[in-house]
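Participant: My structure is below; once you've seen it, I'll send some questions.
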Amino acid sequence: MAVRVQEADFDIAAEIAALTATDRDIGAVVSFTGLVREIAGGGADQRMTLEHYPAMTERALAEIEAQARARWPLSGVAIIHRVGPLAPGDNIVLVLAASRHRHAAFEAAAFLMDYLKTRAPFWKKEAGASGEAWVDARESDEAAVARWG
Amino acid sequence: MQVLYFAWLRERIGAAREEVQTDAATVADLVGELRAREPRYAAAFSDMSAVRVAVDQTMADMAAPLKGAREVAFFPPVTGG
């Protein structure tokens, strides 16, 4: 199990290598990387700040991982989420799901991201030319989680 | 108990955490007590559809009981990922 919250960037290839290093039974690894998007009209000096609830975050991510493992036969899972100041193009989050076969890995990666976006205590604040504002939650993210039943 | 605030709730209330002496039976009761304290609390808790809560680091709802709870956190809907 690898659930981490950190300010530093992550190395996707190194994380995949670490996840698969000791298990020769893995036939598929799906990775999802979330990036900071540029805001239209946000100006050249755009920034995003990620805040979280430290005492709760890793517990919430571990719970999401446990739910994924209960649904699919996974050989490995990694969730790494960055916090602190970020800029457009920066990595925000990495989810890895490893399994014997691709379908479980694809589905589990999508499930992990849908749950992370609606259940893990992170908040984004955007700053740019027009000032700063907390990002609003999207109803489409709740709809995405509902499809898993 | 410790009461924590995140994101715009923290900014509107002007504190990240505080010790609150309360006999509130539920989260909703605690919100009622906080609202009555000062206008900044009333402003932060004016639209409860925009507020989520965790009791002892687990997502809860406004009807959740507080008996034995040590930490209650208020925050907007999460926007990570």
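Identifiers in this document derive from the order of the structure tokens: chains are assigned A, B, ..., residues are numbered from 1 separately in each chain, and ligands are numbered from 1 in order of occurrence.
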I want to know what sits within 12 Å of Met48 (chain B), based on only C-alpha atoms, with residues of the same chain fewer than 6 positions away left out; could you give that as a list in words?

Facilitator: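 Skipping anything fewer than 6 positions along the chain leaves Leu9, Val27, Ala28, Val31, Gly32, Arg35, Tyr41, Ala42, Asp61, Met62, Phe74, Phe75, Pro76 and Pro77 of chain B.
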
Participant: Could those selected residues go to a file with C-alpha atoms, as an mmCIF file, in the first residue's frame?

Facilitator:
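Ended up saving to selection-v4.cif:
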data_model
loop_
_atom_site.group_PDB
_atom_site.id
_atom_site.type_symbol
_atom_site.label_atom_id
_atom_site.label_comp_id
_atom_site.auth_asym_id
_atom_site.auth_seq_id
_atom_site.Cartn_x
_atom_site.Cartn_y
_atom_site.Cartn_z
ATOM 1 C CA LEU B 9 -14.731 28.598 6.409
ATOM 2 C CA VAL B 27 -23.372 18.699 14.916
ATOM 3 C CA ALA B 28 -26.458 20.800 14.137
ATOM 4 C CA VAL B 31 -23.530 24.908 14.568
ATOM 5 C CA GLY B 32 -26.432 26.658 16.294
ATOM 6 C CA ARG B 35 -23.823 30.898 14.919
ATOM 7 C CA TYR B 41 -19.781 32.509 12.569
ATOM 8 C CA ALA B 42 -23.303 33.310 11.428
ATOM 9 C CA ASP B 61 -23.705 14.774 8.672
ATOM 10 C CA MET B 62 -25.454 17.504 10.630
ATOM 11 C CA PHE B 74 -16.142 22.072 9.103
ATOM 12 C CA PHE B 75 -15.230 22.599 5.448
ATOM 13 C CA PRO B 76 -16.689 23.162 1.980
ATOM 14 C CA PRO B 77 -17.278 20.256 -0.418
#

Participant: Excluding region 133-149 of chain A and any residue of its chain fewer than 4 positions from it, enumerate the residues within 9 Å of it, using only C-alpha atoms, and give them as a list in words.

Facilitator: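 Those residues are Phe111, Asp114, Tyr115, Lys117, Thr118, Trp123, Lys124, Lys125, Glu126 and Ala127 of chain A; Ala7, Trp8, Pro76, Pro77, Val78 and Thr79 of chain B.
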
Participant: Would you give me, as a tab-separated table, each residue of chain B having an atom within 12 Å of an atom of chain A, along with its shortest atom pair and that distance in Å to one decimal, using only C-alpha atoms and sorting by chain and residue number?

Facilitator:
residue	atom	partner	partner_atom	distance
B:Leu4	CA	A:Tyr53	CA	9.1
B:Tyr5	CA	A:Tyr53	CA	9.3
B:Phe6	CA	A:Tyr53	CA	7.6
B:Ala7	CA	A:Trp123	CA	6.5
B:Trp8	CA	A:Trp134	CA	7.1
B:Leu9	CA	A:Trp134	CA	10.6
B:Arg10	CA	A:Glu51	CA	11.1
B:Glu11	CA	A:Trp134	CA	10.7
B:Ala16	CA	A:Tyr53	CA	10.5
B:Arg17	CA	A:Tyr53	CA	11.4
B:Ser49	CA	A:Ala137	CA	12.0
B:Ala50	CA	A:Ala137	CA	9.5
B:Val51	CA	A:Ala137	CA	11.4
B:Arg52	CA	A:Pro121	CA	10.1
B:Val53	CA	A:Pro121	CA	10.4
B:Ala54	CA	A:Met56	CA	8.8
B:Val55	CA	A:Met56	CA	10.0
B:Asp56	CA	A:Met56	CA	8.4
B:Gln57	CA	A:Met56	CA	4.8
B:Thr58	CA	A:Met56	CA	7.2
B:Met59	CA	A:Arg119	CA	8.1
B:Ala60	CA	A:Arg119	CA	11.3
B:Glu71	CA	A:Ala55	CA	10.2
B:Val72	CA	A:Met56	CA	11.2
B:Ala73	CA	A:Tyr53	CA	8.8
B:Phe74	CA	A:Tyr53	CA	10.3
B:Phe75	CA	A:Pro121	CA	8.5
B:Pro76	CA	A:Trp123	CA	8.1
B:Pro77	CA	A:Ala137	CA	5.9
B:Val78	CA	A:Phe122	CA	5.5
B:Thr79	CA	A:Trp123	CA	4.8
B:Gly80	CA	A:Phe122	CA	4.6
B:Gly81	CA	A:Lys117	CA	5.3

Participant: Running DSSP on the backbone, which parts of chain B land in strand (DSSP E or B), as a count of residues only?

Facilitator: 21

Participant: CA of Gln2 (chain B) and CA of Glu18 (chain B) are how many Å apart?

Facilitator: 5.7 Å

Participant: From the set B:Asp47, B:Ala63, B:Ala69, B:Arg40, which residue has the shortest atom-to-atom contact distance to Ile13 (chain B), counting only C-alpha atoms?

Facilitator: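 Smallest distance to Ile13 (chain B) is found for B:Arg40.
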
Participant: Which residues, written as a list in words, have at least one atom at most 7 Å from Leu112 (chain A), with only C-alpha atoms counted and residues fewer than 3 positions away on the same chain left out?

Facilitator: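 Near neighbours after the sequence-gap exclusion: Ile64, Glu65, Ala68, Ala108, Ala109, Tyr115 and Leu116 of chain A.
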
Participant: Using only C-alpha atoms, please write the residues we just selected to a file, as an mmCIF file, in the first residue's frame.

Facilitator:
data_model
loop_
_atom_site.group_PDB
_atom_site.id
_atom_site.type_symbol
_atom_site.label_atom_id
_atom_site.label_comp_id
_atom_site.auth_asym_id
_atom_site.auth_seq_id
_atom_site.Cartn_x
_atom_site.Cartn_y
_atom_site.Cartn_z
ATOM 1 C CA ILE A 64 -10.729 4.609 -0.600
ATOM 2 C CA GLU A 65 -7.930 2.150 -1.411
ATOM 3 C CA ALA A 68 -11.113 -0.505 -4.421
ATOM 4 C CA ALA A 108 -10.005 0.552 -10.213
ATOM 5 C CA ALA A 109 -8.020 3.635 -11.333
ATOM 6 C CA TYR A 115 -13.823 8.638 -4.834
ATOM 7 C CA LEU A 116 -10.764 10.769 -4.177
#

Participant: Report, in Å to a single decimal, how far apart CA of Gly89 (chain A) and CA of Ala129 (chain A) are.

Facilitator: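 That distance, rounded to one decimal, is 17.5 Å.
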
Participant: What are the DSSP alpha helix (DSSP H) residues of chain B, as a list of chain:residue names?

Facilitator: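 Across chain B, those assigned alpha helix (DSSP H) are B:Ala7, B:Trp8, B:Leu9, B:Arg10, B:Glu11, B:Arg12, B:Ile13, B:Val27, B:Ala28, B:Asp29, B:Leu30, B:Val31, B:Gly32, B:Glu33, B:Leu34, B:Arg35, B:Ala36, B:Arg37, B:Pro39, B:Arg40, B:Tyr41, B:Ala42, B:Ala43, B:Ala44.
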
Participant: Which of these, A:Ala98, A:Ala104, A:Leu86, A:Ala17, has the shortest distance to Asp45 (chain A) once you count only C-alpha atoms?

Facilitator: A:Leu86

Participant: Any idea what the distance is between CA of Thr22 (chain B) and CA of Lys67 (chain B)?

Facilitator: 10.5 Å
